[in-house]
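Reading through the structure tokens given below for one structure.
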Amino acid sequence: LAAGAQAQVSYGLKAGVNLGKYSNFGDDQKNNTSFYVTGFADLPVAPQFSIQPGVSLQGKGQKFEFNDLSSSVNVMSIEIPVNAVYYIPAGTGNIFLGAGPYVGFNVSGKRKKNRLVGGDGIVDTNEDINFGNGDRETKVVEAGANFMAGYKFGNGLLINAGYGLGLTNLSNFSDNKISNRVLSFGVGFQF
């Protein structure tokens, strides 16, 4: 207990690539490549165990291709994660494993559709995604669970991977539940 009490609070920044999809869209769906940037605090509560609250800008969405139609959805969300993280000494650093809940707020989004029509003609449509509780709107608030793993070098450099599992329905206009599934890879620094 004394070792945990003497451990100091540290701060970190992580950034990387997001590969997003939606649930219930089948095999015609492709990963939507985007990015994330996360700032966090590491609050030791016991030896080798910390709580990490943070703030994160997350690019999410999906791509879909079926016959003559392709579409992409790109959404930017501000998330507030709170992860429990366990450190396992390994070499000159630590392997870390973590999980916890997050709440996200969708702040902007675009939907793009390309439809092939007769011959080589392509009809493009681009539209902003409307967020709210209306029939044709996407919900503003999302909640889910984070899972992460990685390695923290002795100098504070981080290599990490994660998975965001959306648990709430984003759709006001579909009977099918649509939620985020985001695989991420990145690097960071904890100081």
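Residues in the structure tokens are numbered from 1 in each chain, the chains being A, B, ... in the order shown, and ligands are numbered from 1 in the order shown.
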
List as a ChimeraX atom specification the protein and nucleic acid residues near A:Lys60, meaning an atom at most 7 Å away when only C-alpha atoms are counted, but skip any in the same chain fewer than 3 places from it.
/A:20,34,74-76

Would you kindly return, as a count of residues only, each protein, DNA or RNA residue with an atom no farther than 12 Å from any atom of A:Asn31, considering only C-alpha atoms and excluding same-chain residues fewer than 3 positions away?
27

Need the shell around A:Gln190: protein/DNA/RNA residues with any atom at most 10 Å away, counting only C-alpha atoms. Skip same-chain ones fewer than 5 positions apart. Format as a list in words?
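Non-adjacent residues within range: Ser10, Tyr11, Gly12, Leu13, Lys14, Gly39, Phe40, Ala41, Asp42, Lys152, Phe153, Gly154, Asn155, Gly156, Leu157 and Leu158 of chain A.
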
Write out, as a PDB file, in the first residue's frame, the residues just selected, with N, CA, C and O atoms.
```pdb
ATOM      1  N   SER A  10       1.053  10.472 -13.496  1.00  0.00           N
ATOM      2  CA  SER A  10       1.730  10.830 -14.741  1.00  0.00           C
ATOM      3  C   SER A  10       0.671  11.138 -15.800  1.00  0.00           C
ATOM      4  O   SER A  10      -0.515  10.879 -15.608  1.00  0.00           O
ATOM      5  N   TYR A  11       1.121  11.721 -16.875  1.00  0.00           N
ATOM      6  CA  TYR A  11       0.220  12.126 -17.956  1.00  0.00           C
ATOM      7  C   TYR A  11       0.742  11.583 -19.266  1.00  0.00           C
ATOM      8  O   TYR A  11       1.935  11.322 -19.413  1.00  0.00           O
ATOM      9  N   GLY A  12      -0.150  11.420 -20.224  1.00  0.00           N
ATOM     10  CA  GLY A  12       0.288  10.875 -21.496  1.00  0.00           C
ATOM     11  C   GLY A  12      -0.545  11.354 -22.663  1.00  0.00           C
ATOM     12  O   GLY A  12      -1.626  11.931 -22.496  1.00  0.00           O
ATOM     13  N   LEU A  13      -0.012  11.104 -23.833  1.00  0.00           N
ATOM     14  CA  LEU A  13      -0.672  11.431 -25.086  1.00  0.00           C
ATOM     15  C   LEU A  13      -0.481  10.256 -26.034  1.00  0.00           C
ATOM     16  O   LEU A  13       0.637   9.740 -26.166  1.00  0.00           O
ATOM     17  N   LYS A  14      -1.569   9.815 -26.664  1.00  0.00           N
ATOM     18  CA  LYS A  14      -1.511   8.716 -27.634  1.00  0.00           C
ATOM     19  C   LYS A  14      -2.196   9.164 -28.921  1.00  0.00           C
ATOM     20  O   LYS A  14      -3.157   9.933 -28.885  1.00  0.00           O
ATOM     21  N   GLY A  39      -5.545  12.278 -24.796  1.00  0.00           N
ATOM     22  CA  GLY A  39      -4.767  12.730 -23.649  1.00  0.00           C
ATOM     23  C   GLY A  39      -5.313  12.042 -22.406  1.00  0.00           C
ATOM     24  O   GLY A  39      -6.527  11.859 -22.278  1.00  0.00           O
ATOM     25  N   PHE A  40      -4.413  11.627 -21.509  1.00  0.00           N
ATOM     26  CA  PHE A  40      -4.886  10.897 -20.325  1.00  0.00           C
ATOM     27  C   PHE A  40      -4.015  11.181 -19.114  1.00  0.00           C
ATOM     28  O   PHE A  40      -2.879  11.648 -19.231  1.00  0.00           O
ATOM     29  N   ALA A  41      -4.561  10.893 -17.947  1.00  0.00           N
ATOM     30  CA  ALA A  41      -3.811  10.920 -16.684  1.00  0.00           C
ATOM     31  C   ALA A  41      -3.727   9.486 -16.190  1.00  0.00           C
ATOM     32  O   ALA A  41      -4.658   8.703 -16.361  1.00  0.00           O
ATOM     33  N   ASP A  42      -2.592   9.122 -15.622  1.00  0.00           N
ATOM     34  CA  ASP A  42      -2.396   7.786 -15.049  1.00  0.00           C
ATOM     35  C   ASP A  42      -2.343   7.954 -13.542  1.00  0.00           C
ATOM     36  O   ASP A  42      -1.393   8.532 -12.999  1.00  0.00           O
ATOM     37  N   LYS A 152       4.860  -0.285 -22.519  1.00  0.00           N
ATOM     38  CA  LYS A 152       5.399   1.010 -22.109  1.00  0.00           C
ATOM     39  C   LYS A 152       6.891   0.819 -21.849  1.00  0.00           C
ATOM     40  O   LYS A 152       7.290   0.095 -20.935  1.00  0.00           O
ATOM     41  N   PHE A 153       7.723   1.450 -22.682  1.00  0.00           N
ATOM     42  CA  PHE A 153       9.165   1.384 -22.511  1.00  0.00           C
ATOM     43  C   PHE A 153       9.586   2.190 -21.292  1.00  0.00           C
ATOM     44  O   PHE A 153       8.854   3.060 -20.824  1.00  0.00           O
ATOM     45  N   GLY A 154      10.791   1.923 -20.788  1.00  0.00           N
ATOM     46  CA  GLY A 154      11.308   2.614 -19.616  1.00  0.00           C
ATOM     47  C   GLY A 154      11.392   4.122 -19.794  1.00  0.00           C
ATOM     48  O   GLY A 154      11.291   4.878 -18.824  1.00  0.00           O
ATOM     49  N   ASN A 155      11.549   4.599 -21.029  1.00  0.00           N
ATOM     50  CA  ASN A 155      11.646   6.037 -21.275  1.00  0.00           C
ATOM     51  C   ASN A 155      10.286   6.706 -21.456  1.00  0.00           C
ATOM     52  O   ASN A 155      10.207   7.904 -21.720  1.00  0.00           O
ATOM     53  N   GLY A 156       9.177   5.934 -21.340  1.00  0.00           N
ATOM     54  CA  GLY A 156       7.829   6.483 -21.444  1.00  0.00           C
ATOM     55  C   GLY A 156       7.163   6.295 -22.792  1.00  0.00           C
ATOM     56  O   GLY A 156       5.970   6.574 -22.948  1.00  0.00           O
ATOM     57  N   LEU A 157       7.909   5.829 -23.797  1.00  0.00           N
ATOM     58  CA  LEU A 157       7.323   5.572 -25.112  1.00  0.00           C
ATOM     59  C   LEU A 157       6.300   4.447 -25.015  1.00  0.00           C
ATOM     60  O   LEU A 157       6.537   3.435 -24.352  1.00  0.00           O
ATOM     61  N   LEU A 158       5.163   4.620 -25.686  1.00  0.00           N
ATOM     62  CA  LEU A 158       4.081   3.634 -25.665  1.00  0.00           C
ATOM     63  C   LEU A 158       3.825   3.089 -27.063  1.00  0.00           C
ATOM     64  O   LEU A 158       3.824   3.841 -28.039  1.00  0.00           O
TER      65      LEU A 158
END
```

Grab the atom CA of A:Arg115 to atom CA of A:Thr33 distance for me, in Å with one decimal place.
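For atom CA of A:Arg115 relative to atom CA of A:Thr33, the distance reads 21.1 Å.
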
Pick out the residues sitting within 7 Å of A:Gln58, and hand them over as a ChimeraX atom specification; count only C-alpha atoms, and ignore anything fewer than 3 positions along from it in its own chain.
/A:35-37,76-78

Would you output that residue set with N, CA and C atoms, as a short mmCIF file (atom, residue, chain, number, x, y, z; two decimals), in the first residue's frame?
```cif
data_model
loop_
_atom_site.label_atom_id
_atom_site.label_comp_id
_atom_site.auth_asym_id
_atom_site.auth_seq_id
_atom_site.Cartn_x
_atom_site.Cartn_y
_atom_site.Cartn_z
N PHE A 35 -8.50 8.38 -37.61
CA PHE A 35 -7.44 8.59 -36.63
C PHE A 35 -8.02 8.86 -35.25
N TYR A 36 -7.15 8.82 -34.26
CA TYR A 36 -7.54 9.23 -32.91
C TYR A 36 -6.38 9.96 -32.24
N VAL A 37 -6.71 10.83 -31.29
CA VAL A 37 -5.74 11.50 -30.44
C VAL A 37 -6.33 11.49 -29.04
N MET A 76 -16.81 12.32 -36.38
CA MET A 76 -15.83 12.72 -35.35
C MET A 76 -16.57 12.77 -34.01
N SER A 77 -15.97 12.15 -33.02
CA SER A 77 -16.58 12.04 -31.70
C SER A 77 -15.57 12.45 -30.63
N ILE A 78 -16.05 13.12 -29.62
CA ILE A 78 -15.22 13.41 -28.44
C ILE A 78 -15.62 12.41 -27.37
#
```

With only C-alpha atoms as the counted atoms, please give the residues lying no more than 7 Å from stretch 101-113 of chain A, apart from itself and same-chain residues fewer than 3 positions off, as a ChimeraX atom specification.
/A:70-83,124-129,140-146

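Take the candidates A:Asn32, A:Thr138, A:Gln48, A:Asn24 and check each one against A:Ala7 using only C-alpha atoms; the shortest distance goes to A:Gln48.
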
Please extract the residues of chain A with a backbone DSSP assignment of alpha helix (DSSP H) and present them as a PyMOL selection string.
chain A and resi 2-6

Only all heavy atoms, please: the residues just picked out, written as a PDB file, in the first residue's frame.
```
ATOM      1  N   ALA A   2       1.983   1.221   0.715  1.00  0.00           N
ATOM      2  CA  ALA A   2       2.870   2.384   0.758  1.00  0.00           C
ATOM      3  C   ALA A   2       3.464   2.655  -0.615  1.00  0.00           C
ATOM      4  O   ALA A   2       3.584   3.797  -1.031  1.00  0.00           O
ATOM      5  CB  ALA A   2       3.976   2.183   1.777  1.00  0.00           C
ATOM      6  N   ALA A   3       3.816   1.593  -1.353  1.00  0.00           N
ATOM      7  CA  ALA A   3       4.376   1.775  -2.699  1.00  0.00           C
ATOM      8  C   ALA A   3       3.356   2.423  -3.615  1.00  0.00           C
ATOM      9  O   ALA A   3       3.687   3.295  -4.413  1.00  0.00           O
ATOM     10  CB  ALA A   3       4.839   0.438  -3.268  1.00  0.00           C
ATOM     11  N   GLY A   4       2.086   2.027  -3.514  1.00  0.00           N
ATOM     12  CA  GLY A   4       1.036   2.627  -4.331  1.00  0.00           C
ATOM     13  C   GLY A   4       0.816   4.081  -3.967  1.00  0.00           C
ATOM     14  O   GLY A   4       0.587   4.914  -4.822  1.00  0.00           O
ATOM     15  N   ALA A   5       0.901   4.395  -2.682  1.00  0.00           N
ATOM     16  CA  ALA A   5       0.682   5.763  -2.238  1.00  0.00           C
ATOM     17  C   ALA A   5       1.820   6.666  -2.690  1.00  0.00           C
ATOM     18  O   ALA A   5       1.621   7.848  -2.917  1.00  0.00           O
ATOM     19  CB  ALA A   5       0.533   5.809  -0.730  1.00  0.00           C
ATOM     20  N   GLN A   6       3.043   6.121  -2.805  1.00  0.00           N
ATOM     21  CA  GLN A   6       4.184   6.934  -3.195  1.00  0.00           C
ATOM     22  C   GLN A   6       4.301   7.080  -4.715  1.00  0.00           C
ATOM     23  O   GLN A   6       5.026   7.945  -5.190  1.00  0.00           O
ATOM     24  CB  GLN A   6       5.475   6.324  -2.649  1.00  0.00           C
ATOM     25  CG  GLN A   6       5.568   6.420  -1.133  1.00  0.00           C
ATOM     26  CD  GLN A   6       6.795   5.715  -0.599  1.00  0.00           C
ATOM     27  OE1 GLN A   6       7.528   5.071  -1.330  1.00  0.00           O
ATOM     28  NE2 GLN A   6       7.013   5.839   0.701  1.00  0.00           N
TER      29      GLN A   6
END
```

When distances are computed from only C-alpha atoms, which of A:Phe173, A:Phe185, A:Tyr151, A:Tyr163 shows the smallest separation from A:Gly134?
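Checking each of A:Phe173, A:Phe185, A:Tyr151, A:Tyr163 against A:Gly134, counting only C-alpha atoms, the winner is A:Phe173.
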
As a list in words, list the residues of stretch 133-168 of chain A assigned to strand (DSSP E) by DSSP on the backbone atoms of this structure.
Val141, Glu142, Ala143, Gly144, Ala145, Asn146, Phe147, Met148, Ala149, Gly150, Tyr151, Lys152, Leu157, Leu158, Ile159, Asn160, Ala161, Gly162, Tyr163, Gly164, Leu165 and Gly166 of chain A

Can you pull out every residue within 8 Å of A:Ser171, counting only C-alpha atoms, but drop anything in the same chain fewer than 2 positions away, and send it as an mmCIF file with N, CA and C atoms, in the first residue's frame?
```cif
data_model
loop_
_atom_site.group_PDB
_atom_site.id
_atom_site.type_symbol
_atom_site.label_atom_id
_atom_site.label_comp_id
_atom_site.auth_asym_id
_atom_site.auth_seq_id
_atom_site.Cartn_x
_atom_site.Cartn_y
_atom_site.Cartn_z
ATOM 1 N N GLU A 137 -32.155 11.437 -37.848
ATOM 2 C CA GLU A 137 -30.927 11.910 -37.223
ATOM 3 C C GLU A 137 -30.193 10.765 -36.527
ATOM 4 N N THR A 138 -28.891 10.945 -36.385
ATOM 5 C CA THR A 138 -28.051 10.015 -35.648
ATOM 6 C C THR A 138 -27.908 10.536 -34.222
ATOM 7 N N LYS A 139 -27.942 9.642 -33.265
ATOM 8 C CA LYS A 139 -27.877 10.071 -31.863
ATOM 9 C C LYS A 139 -26.559 10.776 -31.551
ATOM 10 N N ASN A 169 -27.316 2.169 -29.288
ATOM 11 C CA ASN A 169 -27.806 2.266 -30.654
ATOM 12 C C ASN A 169 -27.634 3.695 -31.158
ATOM 13 N N PHE A 173 -33.497 5.813 -36.918
ATOM 14 C CA PHE A 173 -34.309 5.573 -38.106
ATOM 15 C C PHE A 173 -34.243 4.145 -38.616
ATOM 16 N N SER A 174 -33.782 3.216 -37.799
ATOM 17 C CA SER A 174 -33.705 1.827 -38.237
ATOM 18 C C SER A 174 -34.129 0.908 -37.097
ATOM 19 N N LYS A 177 -30.245 -2.421 -34.538
ATOM 20 C CA LYS A 177 -29.324 -1.688 -33.678
ATOM 21 C C LYS A 177 -28.019 -1.476 -34.442
ATOM 22 N N ILE A 178 -27.558 -0.241 -34.506
ATOM 23 C CA ILE A 178 -26.303 0.094 -35.162
ATOM 24 C C ILE A 178 -25.386 0.708 -34.117
#
```

Spatial neighbours of A:Thr38, 8 Å, only C-alpha atoms, chain gap at least 6 places, as a VMD selection string:
chain A and resid 13 to 15 54 to 57

May I have the residues from that selection written out with N, CA, C and O atoms, as a short mmCIF file (atom, residue, chain, number, x, y, z; two decimals), in the first residue's frame?
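The new file selection-v1.cif reads:
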```
data_model
loop_
_atom_site.label_atom_id
_atom_site.label_comp_id
_atom_site.auth_asym_id
_atom_site.auth_seq_id
_atom_site.Cartn_x
_atom_site.Cartn_y
_atom_site.Cartn_z
N LEU A 13 -0.01 11.10 -23.83
CA LEU A 13 -0.67 11.43 -25.09
C LEU A 13 -0.48 10.26 -26.03
O LEU A 13 0.64 9.74 -26.17
N LYS A 14 -1.57 9.82 -26.66
CA LYS A 14 -1.51 8.72 -27.63
C LYS A 14 -2.20 9.16 -28.92
O LYS A 14 -3.16 9.93 -28.88
N ALA A 15 -1.71 8.66 -30.04
CA ALA A 15 -2.33 8.95 -31.34
C ALA A 15 -2.12 7.76 -32.25
O ALA A 15 -1.16 7.00 -32.08
N GLY A 54 -9.45 10.10 -19.32
CA GLY A 54 -8.89 10.83 -20.45
C GLY A 54 -9.93 11.56 -21.27
O GLY A 54 -11.14 11.52 -20.98
N VAL A 55 -9.45 12.23 -22.30
CA VAL A 55 -10.29 12.89 -23.30
C VAL A 55 -9.71 12.52 -24.65
O VAL A 55 -8.49 12.57 -24.85
N SER A 56 -10.59 12.16 -25.60
CA SER A 56 -10.11 11.63 -26.86
C SER A 56 -10.94 12.16 -28.03
O SER A 56 -12.16 12.24 -27.95
N LEU A 57 -10.26 12.51 -29.11
CA LEU A 57 -10.91 12.83 -30.37
C LEU A 57 -10.82 11.57 -31.23
O LEU A 57 -9.72 11.09 -31.52
#
```

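Remark: for A:Gly98, the closest of the candidate residues A:Asn130, A:Asn67, A:Asn114, A:Gln52 is A:Gln52 (distances computed over only C-alpha atoms).
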